[in-house]
Amino acid sequence: MGIYFAILFVGALIAGLLGSLTGLGGGIIIVPLLTIGLGVDIKYAVGTSLVAVIATSSGAAVSYVKEGLTNFRIAMFLETATTVGAICGAALAAIISSWSLMIVFGVLLLYSAFNSFKNRKTEFLSINEQGIKENSFAEKLKLDGTYPVSPGNNISYHASHLCGGYLMMILAGILSGLLGIGSGAFKVIAMDTIMKLPFKVSSATSNFMIGVTAAASAGVYLSRGYIDPVLSMMVVLGVLIGSMTGARVLMRSNTKILKVVFSLVILLLGIEMIRNGILDIIR
Amino acid sequence: MKTDEKKTDERFRVMISNVLRLGVSLSAILIIIGGVLFFIQHPDTVFDYATFKSEPSKLKDIVLILRNAFSFSGRAVIQLGLLILISTPFLRVLFSLIGFAIEKDRIYVFITGIVLVVLSFSLFG
């Protein structure tokens with residue numbers, strides 16, 4: 001029993017650390033750890049993972065919000081897309097076969113992993129370099145902001161391609177409504193790759209948003225009895241320590257390294273999704 | 001951005017950060033207390049999660065969780081801590097709404113309102 005809990009705790013710690021650093025949440029690690037590693041039933045694993053994602057999100061957000069890495073307005077604006085998308089996703093679940101989506105999204109993740117790795121050295125474009133139109137929609141919604149690169153040194157950034165980013169967020173929402181996983185990856189991609197936000201801002205803001213997405217389905221999971229207190233206990237404590245540490249690490253770390261970690265994690269996620277999709281066809 | 005706008009944003013950030021810190025700390029404390037109580041009450045529990053047999057209703061229903069937590073059932077105390085954790089994202093949307101209302105930012109009161117309605121609908125609906 002001691003070893004069981006030790007594995008659980010250490011796994012959760014790593015999940016919280018990686019989840020908060022990349023903005024992906026800890027679900028990608030918790031579910032396989034519980035099901036494959038410890039032989040836990042998938043329903044308990046999913047319930048525990050949901051609680052873990054909320055713990056990552058809120059635990060890291062304490063620091064990210066205070067330091068000004070999280071952009072509230074972008075988060076709130078895009079959450080209208082993810083929540084609506086999630087409802088559509090739940091409705092679509094009856095019509096669309098999940099394997100085709102898993103393969104499509106999996107390939108999209110592989111592509112993004114490659115893309116993110118290739119562009120690991122490019123910092124985002126500062127406001128002056130982008131040549132922004134006056135009175136843009138982003139300005140009206142006050143989405144542009146500043147973030148600290150080092151103590152006392154803030155850099156301004158601009159949110160571009162709102163339409164594309166918004167559509168990607170609807171997709172991320174549909175995905176989480178349909179499959180319950182992987183929406184964090186598409187949130188970061190929407191903000192970092194499409195909207196051209198700094199990677200750290202994308203990661204912190206995605207991290208902030210996944211808590212809301214997860215909380216939306218928590219009521220259902222609780223009432224179905226997926227959330228076991230003893231199992232969740234160790235995971236939540238591990239994840240909280242991991243995510244709070246991760247938040248401190250992110251603020252000091254090099255964007256290049258963060259992007260490499262991010263592309264590695266989504267590469268694995270993409271492979272896992274394609275594998276699950278193919279397994280679904282074979283069955 | 002204007003300077004006074006920056007200041008209100010700063011206060012806003014500190015408020016949200018404090019709400020989250022309070023929620024997370026309270027939840028962690030309850031989970032630890034509940035865990036200790038659980039191991040005192042059931043020192044030789046065998047853990048088996050290989051087959052799913054839904055949690056008993058005293059750990060699924062919010063009212064029953066509260067009632068059992070106040071009679072110091074270890075598992076119910078942990079579950080109460082988890083409930084508080086689950087409610088932190090909801091609380092921060094609620095406090096954002098209040099913050100945007102204080103700033104008289106109509107567009108964002110509207111946007112946050114939509115998120116809050118959808119979230120409440122899926123949480124309690």
# chains A, B, ... in the order shown; residues from 1 in each chain; ligands from 1
$ residues_around --residues "segment 90-92 of chain A" --least-positions-apart "6" --cutoff "9 Å" --atoms "only C-alpha atoms" --output "MDAnalysis selection string"
chainID A and resid 174:179
$ interface_residues --of "chain B" --to "chain A" --cutoff "7 Å" --atoms "only C-alpha atoms" --output "JSON list (two decimals) with C-alpha atoms, in the first residue's frame"
[["chain", "number", "residue", "atom", "x", "y", "z"],
["B", 13, "ARG", "CA", -5.39, 40.33, -10.45],
["B", 14, "VAL", "CA", -4.52, 40.35, -6.76],
["B", 17, "SER", "CA", -5.14, 35.33, -7.10],
["B", 20, "LEU", "CA", -7.72, 31.00, -5.82],
["B", 21, "ARG", "CA", -5.10, 30.74, -3.06],
["B", 24, "VAL", "CA", -6.75, 25.81, -2.96],
["B", 28, "ALA", "CA", -5.65, 21.00, 0.65],
["B", 31, "ILE", "CA", -7.98, 16.77, 2.16],
["B", 49, "TYR", "CA", -9.90, 0.13, -7.99],
["B", 50, "ALA", "CA", -9.61, -2.48, -10.75],
["B", 51, "THR", "CA", -13.37, -2.76, -11.17],
["B", 52, "PHE", "CA", -15.68, 0.21, -11.14],
["B", 54, "SER", "CA", -19.67, 3.69, -8.35],
["B", 55, "GLU", "CA", -19.11, 5.57, -5.10],
["B", 60, "LYS", "CA", -21.87, 11.58, -4.45],
["B", 61, "ASP", "CA", -24.59, 13.85, -3.11],
["B", 75, "ARG", "CA", -13.80, 10.13, 3.30],
["B", 78, "ILE", "CA", -11.74, 14.58, 1.73],
["B", 79, "GLN", "CA", -14.71, 14.77, -0.63],
["B", 85, "LEU", "CA", -11.29, 22.53, -5.27],
["B", 86, "ILE", "CA", -13.81, 21.83, -8.05],
["B", 88, "THR", "CA", -12.48, 27.27, -7.54],
["B", 89, "PRO", "CA", -12.76, 27.78, -11.34],
["B", 90, "PHE", "CA", -16.43, 28.62, -10.88],
["B", 111, "ILE", "CA", -18.95, 37.86, -21.99],
["B", 112, "THR", "CA", -18.31, 36.66, -18.42],
["B", 114, "ILE", "CA", -22.34, 33.99, -20.81],
["B", 115, "VAL", "CA", -19.52, 31.81, -19.43],
["B", 118, "VAL", "CA", -23.16, 27.99, -19.36],
["B", 119, "LEU", "CA", -20.94, 26.83, -16.50],
["B", 122, "SER", "CA", -23.51, 22.25, -16.80],
["B", 123, "LEU", "CA", -22.52, 22.14, -13.12],
["B", 124, "PHE", "CA", -25.96, 22.13, -11.57]]
$ closest_residue --among "A:Gly2, A:Gly106, A:Pro148, A:Gly242" --to "Ser20 of chain A" --atoms "only C-alpha atoms"
A:Gly242
$ residues_around --residues "Phe137 of chain A" --least-positions-apart "5" --cutoff "12 Å" --atoms "only C-alpha atoms" --output "compact mmCIF listing (two decimals) with C-alpha atoms, in the first residue's frame"
# COMPACT_ATOMS: atom_id res chain seq x y z
CA ILE A 132 -1.19 46.60 -36.34
CA LYS A 142 -8.82 45.14 -24.87
CA LEU A 143 -7.11 41.81 -25.55
CA ASP A 144 -3.63 43.27 -25.96
CA HIS A 158 -0.86 42.00 -29.47
CA ALA A 159 -3.50 39.38 -30.11
CA SER A 160 -3.88 38.82 -33.85
CA HIS A 161 -6.10 36.52 -35.97
CA LEU A 162 -8.96 36.53 -33.49
CA CYS A 163 -11.25 34.73 -35.92
$ atom_distance --atom1 "atom CA of Leu17 of chain A" --atom2 "atom CA of Ile103 of chain A"
27.6 Å
$ select_by_dssp --residues "segment 55-226 of chain A" --states "strand (DSSP E)" --output "JSON, numbers by chain"
{"A": [145, 146, 147, 148, 149, 150, 153, 154, 155, 156, 157]}
$ residues_around --residues "Thr255 of chain A" --least-positions-apart "6" --cutoff "10 Å" --atoms "only C-alpha atoms" --output "VMD selection string"
chain A and resid 120 to 123 198 to 200 261
$ write_last_selection --atoms "N, CA and C atoms" --output "PDB file, in the first residue's frame"
ATOM      1  N   ARG A 120      11.049  26.756 -32.339  1.00  0.00           N
ATOM      2  CA  ARG A 120      11.365  26.904 -30.922  1.00  0.00           C
ATOM      3  C   ARG A 120      12.202  28.134 -30.621  1.00  0.00           C
ATOM      4  N   LYS A 121      12.977  28.580 -31.654  1.00  0.00           N
ATOM      5  CA  LYS A 121      13.877  29.699 -31.392  1.00  0.00           C
ATOM      6  C   LYS A 121      13.221  31.050 -31.617  1.00  0.00           C
ATOM      7  N   THR A 122      12.099  31.062 -32.346  1.00  0.00           N
ATOM      8  CA  THR A 122      11.453  32.341 -32.607  1.00  0.00           C
ATOM      9  C   THR A 122      10.678  32.798 -31.390  1.00  0.00           C
ATOM     10  N   GLU A 123      11.038  33.949 -30.894  1.00  0.00           N
ATOM     11  CA  GLU A 123      10.240  34.588 -29.866  1.00  0.00           C
ATOM     12  C   GLU A 123       9.063  35.202 -30.605  1.00  0.00           C
ATOM     13  N   PRO A 198       2.743  35.509 -26.891  1.00  0.00           N
ATOM     14  CA  PRO A 198       3.972  34.925 -26.357  1.00  0.00           C
ATOM     15  C   PRO A 198       3.669  33.543 -25.767  1.00  0.00           C
ATOM     16  N   PHE A 199       4.626  32.614 -25.877  1.00  0.00           N
ATOM     17  CA  PHE A 199       4.362  31.245 -25.436  1.00  0.00           C
ATOM     18  C   PHE A 199       3.971  31.172 -23.960  1.00  0.00           C
ATOM     19  N   LYS A 200       4.658  31.944 -23.125  1.00  0.00           N
ATOM     20  CA  LYS A 200       4.363  31.888 -21.693  1.00  0.00           C
ATOM     21  C   LYS A 200       2.954  32.388 -21.387  1.00  0.00           C
ATOM     22  N   VAL A 261       9.782  21.124 -24.654  1.00  0.00           N
ATOM     23  CA  VAL A 261       8.999  20.252 -23.763  1.00  0.00           C
ATOM     24  C   VAL A 261       7.571  20.129 -24.281  1.00  0.00           C
TER      25      VAL A 261
END
$ atom_distance --atom1 "atom CA of Val201 of chain A" --atom2 "atom CA of Leu18 of chain A"
15.9 Å
$ atom_distance --atom1 "atom CA of Val239 of chain A" --atom2 "atom CA of Ser120 of chain B"
25.6 Å
$ closest_residue --among "B:Ser96, B:Ser25, B:Ser57, B:Gln41" --to "Leu82 of chain B" --atoms "only C-alpha atoms"
B:Ser25
